[in-house]
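Q: Below is the file coords_37.txt, with compact mmCIF, C-alpha atoms.
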# COMPACT_ATOMS: atom_id res chain seq x y z
CA MET A 191 239.42 139.63 140.60
CA LYS A 192 236.50 141.85 139.72
CA THR A 193 234.34 143.92 142.07
CA ILE A 194 230.86 144.81 140.97
CA LYS A 195 228.34 147.21 142.45
CA THR A 196 225.44 145.21 143.87
CA GLN A 197 222.32 145.58 145.97
CA ILE A 198 222.61 145.11 149.73
CA PRO A 199 222.02 141.39 150.33
CA ASP A 200 218.59 140.63 151.81
CA ARG A 201 220.13 138.66 154.69
CA SER A 202 222.61 141.40 155.64
CA LEU A 203 222.51 142.69 159.21
CA THR A 204 222.89 146.20 157.77
CA ASN A 205 219.23 146.14 156.73
CA ASN A 206 218.53 146.85 160.42
CA TYR A 207 220.19 150.28 160.00
CA LEU A 208 218.17 151.40 156.98
CA PRO A 209 217.07 153.86 155.76
CA ALA A 210 220.36 155.71 155.36
CA ASP A 211 221.47 158.90 153.65
CA TYR A 212 223.95 156.94 151.52
CA THR A 213 224.32 153.23 150.75
CA ASP A 214 226.49 151.09 148.54
CA SER A 215 227.52 147.49 148.20
CA PHE A 216 230.41 145.97 146.24
CA THR A 217 230.87 142.24 145.72
CA CYS A 218 233.72 139.97 144.64
CA THR A 219 232.97 136.36 143.77
CA ILE A 220 235.75 133.87 144.38
CA ASP A 221 236.30 130.12 144.41
CA ALA A 222 235.25 128.61 147.74
CA THR A 223 238.21 126.26 148.11
CA LYS A 224 239.45 128.30 151.07
CA GLU A 225 236.92 129.50 153.62
CA ILE A 226 237.26 133.20 154.30
CA LEU A 227 235.63 134.77 157.35
CA PRO A 228 234.07 138.25 157.55
CA ASP A 229 236.36 139.20 160.45
CA ASP A 230 239.43 138.34 158.35
CA ILE A 231 238.37 140.67 155.53
CA MET A 232 237.35 143.45 157.95
CA VAL A 233 240.66 143.21 159.83
CA GLY A 234 242.50 143.31 156.49
CA PHE A 235 240.62 146.45 155.51
CA TRP A 236 241.91 148.37 158.49
CA THR A 237 245.32 146.81 159.12
CA ASN A 238 246.70 146.05 155.65
CA SER A 239 246.01 149.15 153.55
CA PRO A 240 248.08 150.09 150.52
CA GLY A 241 250.40 153.08 151.00
CA TRP A 242 248.25 155.44 148.92
CA VAL A 243 245.18 154.67 151.07
CA THR A 244 247.20 155.22 154.25
CA ALA A 245 248.34 158.57 152.81
CA LEU A 246 244.71 159.56 152.03
CA PHE A 247 243.65 158.70 155.60
CA LYS A 248 246.54 160.74 157.02
CA LEU A 249 245.51 163.70 154.86
CA ARG A 250 241.88 163.27 155.95
CA ASN A 251 242.87 163.10 159.62
CA PHE A 252 244.97 166.26 159.28
CA LEU A 253 242.22 168.23 157.51
CA VAL A 254 239.31 167.25 159.76
CA LYS A 255 241.07 168.62 162.83
CA PHE A 256 240.31 172.11 161.53
CA VAL A 257 236.54 171.53 161.65
CA GLY A 258 236.55 169.75 165.02
CA LEU A 259 236.07 166.19 163.78
CA LYS A 260 237.82 163.20 165.26
CA GLY A 261 240.82 161.80 163.46
CA ASP A 262 241.96 158.23 163.74
CA ASN A 263 244.11 158.85 166.78
CA GLU A 264 243.80 155.26 167.92
CA ASN A 265 246.46 153.69 165.69
CA ASP A 266 246.93 150.54 167.77
CA LEU A 267 246.18 147.94 165.09
CA GLU A 268 246.21 145.04 167.56
CA LYS A 269 243.46 146.72 169.62
CA LEU A 270 241.44 147.44 166.48
CA GLU A 271 241.77 143.80 165.38
CA SER A 272 240.68 142.65 168.84
CA CYS A 273 237.69 145.03 168.67
CA ILE A 274 236.61 143.58 165.31
CA ARG A 275 237.06 139.94 166.31
CA SER A 276 235.52 140.23 169.79
CA GLY A 277 232.71 142.63 168.94
CA GLY A 278 234.02 145.42 171.14
CA SER A 279 234.96 149.05 170.59
CA HIS A 280 238.16 151.00 170.00
CA GLY A 281 238.40 154.74 169.43
CA ILE A 282 235.66 155.85 167.03
CA ALA A 283 235.01 152.23 165.96
CA SER A 284 232.63 149.69 167.46
CA VAL A 285 231.01 146.45 166.32
CA PRO A 286 227.23 146.74 166.76
CA ALA A 287 226.38 143.42 165.06
CA LYS A 288 227.98 140.25 163.81
CA ASN A 289 227.23 136.64 163.00
CA ASP A 290 228.96 133.80 161.14
CA ASN A 291 228.34 135.48 157.75
CA GLU A 292 228.86 139.13 158.60
CA THR A 293 230.74 141.68 160.67
CA VAL A 294 229.39 145.22 160.94
CA LEU A 295 231.72 148.02 162.04
CA LEU A 296 230.33 151.41 163.12
CA LEU A 297 232.45 154.56 162.87
CA THR A 298 230.91 157.41 164.88
CA ASP A 299 231.73 161.10 164.88
CA LYS A 300 229.70 164.23 165.54
CA HIS A 301 228.85 164.76 161.84
CA LEU A 302 227.91 161.23 160.77
CA GLU A 303 227.70 157.54 161.55
CA ALA A 304 229.16 155.17 158.97
CA TYR A 305 228.39 151.47 159.05
CA MET A 306 230.77 149.26 157.14
CA SER A 307 229.99 145.60 156.75
CA VAL A 308 231.66 142.53 155.30
CA PHE A 309 229.03 139.97 154.32
CA ILE A 310 229.95 136.54 152.92
CA GLU A 311 227.50 134.22 151.25
CA LYS A 312 228.42 130.74 150.02
CA LYS A 313 226.78 129.61 146.78
CA GLU A 314 227.76 126.16 145.51
CA ASN A 315 231.54 126.30 144.94
CA LEU A 316 231.73 130.07 145.25
CA GLN A 317 231.91 132.69 147.97
CA GLU A 318 230.37 136.10 147.36
CA ILE A 319 232.19 138.61 149.53
CA SER A 320 230.39 141.93 149.84
CA THR A 321 231.37 145.13 151.52
CA ILE A 322 228.43 147.35 152.42
CA THR A 323 228.53 151.00 153.46
CA LEU A 324 225.69 152.93 155.08
CA VAL A 325 226.03 156.56 156.10
CA HIS A 326 223.71 158.52 158.41
CA PHE A 327 224.26 162.27 158.51
CA LYS A 328 223.88 163.78 161.99
CA ASN A 329 224.04 167.48 161.13
CA LYS A 330 224.76 169.90 158.26
CA LEU A 331 228.46 169.07 158.30
CA GLY A 332 227.72 165.41 157.42
CA PRO A 333 226.68 165.90 153.78
CA ILE A 334 229.37 168.54 153.23
CA TYR A 335 232.07 166.20 154.55
CA PHE A 336 230.74 163.27 152.53
CA PHE A 337 230.62 165.36 149.34
CA PHE A 338 234.42 165.61 149.50
CA ILE A 339 234.97 161.99 150.59
CA LYS A 340 232.59 160.27 148.17
CA PRO A 341 234.79 160.54 145.02
CA PHE A 342 237.49 158.56 146.84
CA HIS A 343 235.15 156.20 148.69
CA ASN A 344 234.31 153.84 145.80
CA ILE A 345 237.94 153.60 144.65
CA VAL A 346 239.24 152.98 148.16
CA VAL A 347 236.58 150.41 149.11
CA ARG A 348 236.96 148.40 145.90
CA SER A 349 240.75 148.42 146.19
CA MET A 350 240.75 147.45 149.86
CA LEU A 351 238.21 144.67 149.28
CA LYS A 352 240.35 143.13 146.53
CA ARG A 353 243.52 143.53 148.59
CA SER A 354 241.96 141.93 151.70
CA ILE A 355 240.60 138.98 149.74
CA LYS A 356 243.90 138.45 147.91
CA HIS A 357 245.76 138.53 151.22
CA GLN A 358 243.44 135.86 152.67
CA ILE A 359 243.71 133.62 149.61
CA GLU A 360 247.52 133.79 149.68
CA LYS A 361 247.78 132.97 153.40
Let me see the structure of the file written as structure tokens.
A:
Amino acid sequence: MKTIKTQIPDRSLTNNYLPADYTDSFTCTIDATKEILPDDIMVGFWTNSPGWVTALFKLRNFLVKFVGLKGDNENDLEKLESCIRSGGSHGIASVPAKNDNETVLLLTDKHLEAYMSVFIEKKENLQEISTITLVHFKNKLGPIYFFFIKPFHNIVVRSMLKRSIKHQIEK
């Protein structure tokens, strides 16, 4: 399964949150024999991470305490899944927008707002599954923080997208 860097789809709800200080979009194209929902991929992103990603998030959460940022102290995965599926909020995460093709998750802290979206478009016998990231810096700490996160961001997002899709296909 290959992920490619793409433009943000024209029909994505994330276009409502542009312009942004940083944007990216990665897409995997798969056979459409099994319908996959945006909520399923988004839930998989946050509840079925590989061990190395979990370790990176733990390191991040430890380090950001020293600059007064929020860590992911809300580790109740059932509540996070409920938040994603129902359009609610949990800890630093909330769902500002969703429809049948897309789920947008907003992560808010004092230094930045990060929108993460899973957008699925069906084309003939294929499904294009995209993950979109938009980042809005709120103060001077935002770009400094993101400078250190960005080298890992693309690797983590691509890996988690593939893993979430593979998990849904194998269900």
Q: Anything within 12 Å of (232.6, 150.0, 159.8): list those residues as a count of residues only, counting all atoms listed in the file and sticking to the file's coordinates.
A: 40
Q: Give me, please, the distance in Å between CA of Glu314 (chain A) and CA of Glu360 (chain A), quoted to one decimal.
A: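 Calculated distance between CA of Glu314 (chain A) and CA of Glu360 (chain A) is 21.6 Å.
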Q: Tell me which of A:Lys300, A:Ser320, A:Asn315, A:Lys328 sits closest to Cys218 (chain A), counting all atoms listed in the file.
A: A:Ser320
Q: So the first atom is CA of Phe216 (chain A) and the second is CA of Lys192 (chain A); what is the distance between them in Å, to one decimal place?
A: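 Rounded to one decimal, the two atoms are 9.8 Å apart.
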Q: Within 10 Å of (221.5, 142.6, 147.9) in the file's own coordinates, which protein, DNA or RNA residues have an atom, counting all atoms listed in the file? List them as an MDAnalysis selection string.
A: chainID A and resid 195:202 205 214:217 320 322
Q: Find the nearest atom pair between each residue of region 266-351 of chain A and region 223-227 of chain A for residues within 8 Å, count all atoms listed in the file, give distances in Å to one decimal, sort rows by chain and ascending number, and present the table as a tab-separated table.
A:
residue	atom	partner	partner_atom	distance
A:Asp290	CA	A:Leu227	CA	7.7
A:Asn291	CA	A:Leu227	CA	7.3
A:Ile310	CA	A:Leu227	CA	7.4
A:Asn315	CA	A:Thr223	CA	7.4
Q: CA of Arg348 (chain A) to CA of Asp299 (chain A): how many Å, to one decimal?
A: 23.4 Å
Q: Put a box with edges along x, y and z around all the listed atoms of region 222-230 of chain A, pad it by 5 Å on each side, then give me its centre and sizes in Å, one decimal, as JSON.
A:
{"center_x": 236.8, "center_y": 132.7, "center_z": 154.1, "size_x": 15.4, "size_y": 22.9, "size_z": 22.7}
Q: Would you mind telling me which residue in A:Gln317, A:Ser276, A:Ser239, A:Asn289 lies nearest to His357 (chain A) when using only C-alpha atoms?
A: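 Smallest separation from His357 (chain A) among the options: A:Ser239.
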Q: Taking 3 positions as the minimum chain separation for residues in the same chain, which residues sit within 10 Å of Lys330 (chain A) when counting all atoms listed in the file? Answer as a list in words.
A: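 With the cut-off at 10 Å, the set is His301, Leu302, Phe327, Pro333, Ile334 and Tyr335 of chain A.
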